[in-house]
Amino acid sequence: QFLTQQGYAEEDLLFVPVSGLVGDNLVERLRPGVADWYKGPSLLETIDSMPPVRRPAHKPLRMVVVDVFKTILLGAHTVSGKIEAGVIREGQQVIIAPGNHPAKVKAIQRHRGKEVESAKIAKAGENVDIGLVGLEDTMINSSSIVCD
(Lines give C-alpha, C1' and ligand atoms only; values in the text may rest on other atoms or scores of the structure.)
Protein backbone atom coordinates (compact mmCIF):
# COMPACT_ATOMS: atom_id res chain seq x y z
CA GLN A 1 0.00 0.00 0.00
CA PHE A 2 2.90 2.37 0.68
CA LEU A 3 4.14 2.20 -2.93
CA THR A 4 0.68 2.78 -4.41
CA GLN A 5 0.29 5.82 -2.14
CA GLN A 6 3.55 7.13 -3.63
CA GLY A 7 2.09 6.93 -7.15
CA TYR A 8 3.16 3.50 -8.38
CA ALA A 9 0.52 1.57 -10.31
CA GLU A 10 -0.34 -1.73 -8.63
CA GLU A 11 0.02 -3.64 -11.92
CA ASP A 12 3.62 -2.39 -12.22
CA LEU A 13 4.67 -3.83 -8.84
CA LEU A 14 6.13 -7.30 -8.47
CA PHE A 15 6.73 -9.23 -5.28
CA VAL A 16 9.48 -11.85 -5.31
CA PRO A 17 10.42 -13.35 -1.95
CA VAL A 18 14.13 -14.09 -1.59
CA SER A 19 16.63 -15.00 1.09
CA GLY A 20 19.99 -13.35 0.64
CA LEU A 21 21.31 -15.25 3.65
CA VAL A 22 20.85 -18.70 2.11
CA GLY A 23 20.29 -17.67 -1.53
CA ASP A 24 16.73 -18.97 -1.83
CA ASN A 25 14.85 -17.85 -4.96
CA LEU A 26 17.68 -15.66 -6.24
CA VAL A 27 18.81 -17.72 -9.25
CA GLU A 28 16.89 -20.97 -8.91
CA ARG A 29 13.24 -21.32 -7.95
CA LEU A 30 12.30 -22.24 -4.39
CA ARG A 31 12.69 -25.86 -3.31
CA PRO A 32 9.53 -27.76 -2.29
CA GLY A 33 8.72 -27.13 1.35
CA VAL A 34 10.16 -23.61 1.33
CA ALA A 35 7.47 -20.92 1.08
CA ASP A 36 4.95 -23.23 -0.59
CA TRP A 37 2.58 -20.26 -0.88
CA TYR A 38 4.81 -18.73 -3.62
CA LYS A 39 4.70 -20.36 -7.05
CA GLY A 40 6.28 -17.57 -9.11
CA PRO A 41 9.65 -17.14 -10.80
CA SER A 42 13.02 -16.54 -9.16
CA LEU A 43 14.45 -13.04 -8.93
CA LEU A 44 16.79 -13.65 -11.89
CA GLU A 45 13.91 -15.01 -14.02
CA THR A 46 11.84 -11.96 -13.10
CA ILE A 47 14.62 -9.54 -14.08
CA ASP A 48 15.29 -11.44 -17.34
CA SER A 49 11.61 -11.22 -18.29
CA MET A 50 11.47 -7.42 -18.00
CA PRO A 51 11.49 -5.45 -21.24
CA PRO A 52 14.65 -3.48 -21.95
CA VAL A 53 14.64 0.20 -21.07
CA ARG A 54 14.22 2.42 -24.12
CA ARG A 55 17.05 4.92 -24.36
CA PRO A 56 16.12 8.36 -25.76
CA ALA A 57 18.94 8.71 -28.32
CA HIS A 58 16.72 11.02 -30.42
CA LYS A 59 16.53 13.66 -27.66
CA PRO A 60 19.06 16.43 -26.90
CA LEU A 61 22.36 15.35 -25.31
CA ARG A 62 22.36 15.13 -21.52
CA MET A 63 25.21 13.58 -19.55
CA VAL A 64 25.71 14.06 -15.82
CA VAL A 65 29.40 14.36 -14.95
CA VAL A 66 30.35 11.84 -12.28
CA ASP A 67 34.07 12.57 -12.14
CA VAL A 68 36.62 14.99 -13.61
CA PHE A 69 40.23 13.88 -13.95
CA LYS A 70 43.31 14.01 -16.19
CA THR A 71 44.50 11.30 -18.57
CA ILE A 72 47.29 11.14 -21.11
CA LEU A 73 44.99 10.02 -23.93
CA LEU A 74 41.95 12.24 -23.28
CA GLY A 75 43.65 15.29 -21.78
CA ALA A 76 43.48 17.61 -18.80
CA HIS A 77 39.68 17.76 -18.71
CA THR A 78 38.46 14.19 -18.89
CA VAL A 79 34.93 13.64 -17.63
CA SER A 80 33.24 10.38 -16.78
CA GLY A 81 29.51 9.72 -16.77
CA LYS A 82 26.49 8.01 -18.28
CA ILE A 83 24.79 9.51 -21.29
CA GLU A 84 21.16 9.81 -20.20
CA ALA A 85 19.80 11.13 -23.50
CA GLY A 86 21.05 11.95 -26.97
CA VAL A 87 24.27 11.19 -28.81
CA ILE A 88 27.79 12.59 -28.51
CA ARG A 89 30.40 12.61 -31.28
CA GLU A 90 34.13 13.20 -31.42
CA GLY A 91 34.72 16.82 -32.51
CA GLN A 92 31.25 17.96 -31.37
CA GLN A 93 30.75 21.34 -29.69
CA VAL A 94 29.03 20.93 -26.30
CA ILE A 95 27.89 23.18 -23.47
CA ILE A 96 28.76 22.61 -19.83
CA ALA A 97 25.99 23.61 -17.44
CA PRO A 98 25.68 25.43 -15.17
CA GLY A 99 27.56 28.34 -16.61
CA ASN A 100 26.96 27.67 -20.32
CA HIS A 101 30.67 27.08 -20.95
CA PRO A 102 31.42 25.89 -24.51
CA ALA A 103 33.82 22.98 -25.03
CA LYS A 104 34.82 20.62 -27.80
CA VAL A 105 34.88 16.81 -27.55
CA LYS A 106 38.49 15.71 -28.16
CA ALA A 107 37.94 11.95 -27.83
CA ILE A 108 35.53 9.36 -26.39
CA GLN A 109 36.18 6.12 -24.54
CA ARG A 110 33.26 3.73 -24.07
CA HIS A 111 33.07 1.32 -21.11
CA ARG A 112 31.88 -2.23 -21.85
CA GLY A 113 32.11 -4.11 -18.57
CA LYS A 114 35.79 -4.07 -17.63
CA GLU A 115 36.85 -3.24 -21.19
CA VAL A 116 37.40 0.31 -22.42
CA GLU A 117 37.37 1.09 -26.14
CA SER A 118 37.88 4.25 -28.14
CA ALA A 119 34.82 5.43 -30.03
CA LYS A 120 33.86 8.16 -32.49
CA ILE A 121 30.27 8.22 -31.20
CA ALA A 122 28.38 7.21 -28.04
CA LYS A 123 24.65 7.17 -27.37
CA ALA A 124 22.13 7.22 -24.53
CA GLY A 125 22.63 4.46 -21.97
CA GLU A 126 26.40 4.18 -22.42
CA ASN A 127 29.04 4.91 -19.77
CA VAL A 128 31.85 6.98 -21.22
CA ASP A 129 34.95 9.02 -20.54
CA ILE A 130 35.12 12.15 -22.68
CA GLY A 131 38.11 14.39 -23.25
CA LEU A 132 37.08 18.04 -23.47
CA VAL A 133 39.12 21.01 -24.71
CA GLY A 134 38.48 24.73 -24.25
CA LEU A 135 37.74 24.68 -20.52
CA GLU A 136 39.32 26.03 -17.36
CA ASP A 137 39.48 23.85 -14.23
CA THR A 138 36.76 25.88 -12.51
CA MET A 139 34.25 25.49 -15.36
CA ILE A 140 33.41 21.81 -14.78
CA ASN A 141 33.02 19.52 -11.79
CA SER A 142 31.06 16.51 -10.59
CA SER A 143 27.33 17.08 -11.13
CA SER A 144 27.87 19.37 -14.13
CA ILE A 145 25.77 18.53 -17.20
CA VAL A 146 27.20 18.08 -20.69
CA CYS A 147 24.58 19.31 -23.19
CA ASP A 148 24.33 20.13 -26.87
# chains A, B, ... in the order shown; residues from 1 in each chain; ligands from 1
$ residues_around --residues "A:Ile72" --least-positions-apart "5" --cutoff "12 Å" --atoms "only C-alpha atoms" --output "number ranges by chain"
A: 77-78, 107, 131
$ residues_around --residues "stretch 26-32 of chain A" --least-positions-apart "4" --cutoff "6 Å" --atoms "only C-alpha atoms" --output "PyMOL selection string"
chain A and resi 42-44
$ closest_residue --among "A:Glu84, A:Glu115, A:Glu126, A:Asp67" --to "A:Ser142" --atoms "only C-alpha atoms"
A:Asp67
$ atom_distance --atom1 "atom CA of A:Val64" --atom2 "atom CA of A:Gly99"
14.4 Å
$ select_by_dssp --residues "stretch 48-83 of chain A" --states "strand (DSSP E or B)" --output "number ranges by chain"
A: 62-71, 75-83
$ closest_residue --among "A:Asn25, A:Gln93, A:Gln109, A:Ser144" --to "A:Glu45" --atoms "only C-alpha atoms"
A:Asn25
$ select_by_dssp --residues "stretch 26-123 of chain A" --states "alpha helix (DSSP H)" --output "list in words"
Leu43, Leu44, Glu45, Thr46, Ile47 and Asp48 of chain A
$ residues_around --residues "A:Val68" --least-positions-apart "4" --cutoff "12 Å" --atoms "only C-alpha atoms" --output "ChimeraX atom specification"
/A:64,74-81,129-132,135-145
$ closest_residue --among "A:Ala85, A:Lys70, A:Lys106, A:Tyr38" --to "A:Pro56" --atoms "only C-alpha atoms"
A:Ala85
$ atom_distance --atom1 "atom CA of A:His58" --atom2 "atom CA of A:Val87"
7.7 Å
$ residues_around --residues "A:Lys104" --least-positions-apart "5" --cutoff "8 Å" --atoms "only C-alpha atoms" --output "MDAnalysis selection string"
chainID A and resid 91:94 132:134
$ closest_residue --among "A:Gly23, A:Gly86, A:Pro102, A:Gly40" --to "A:Arg62" --atoms "only C-alpha atoms"
A:Gly86
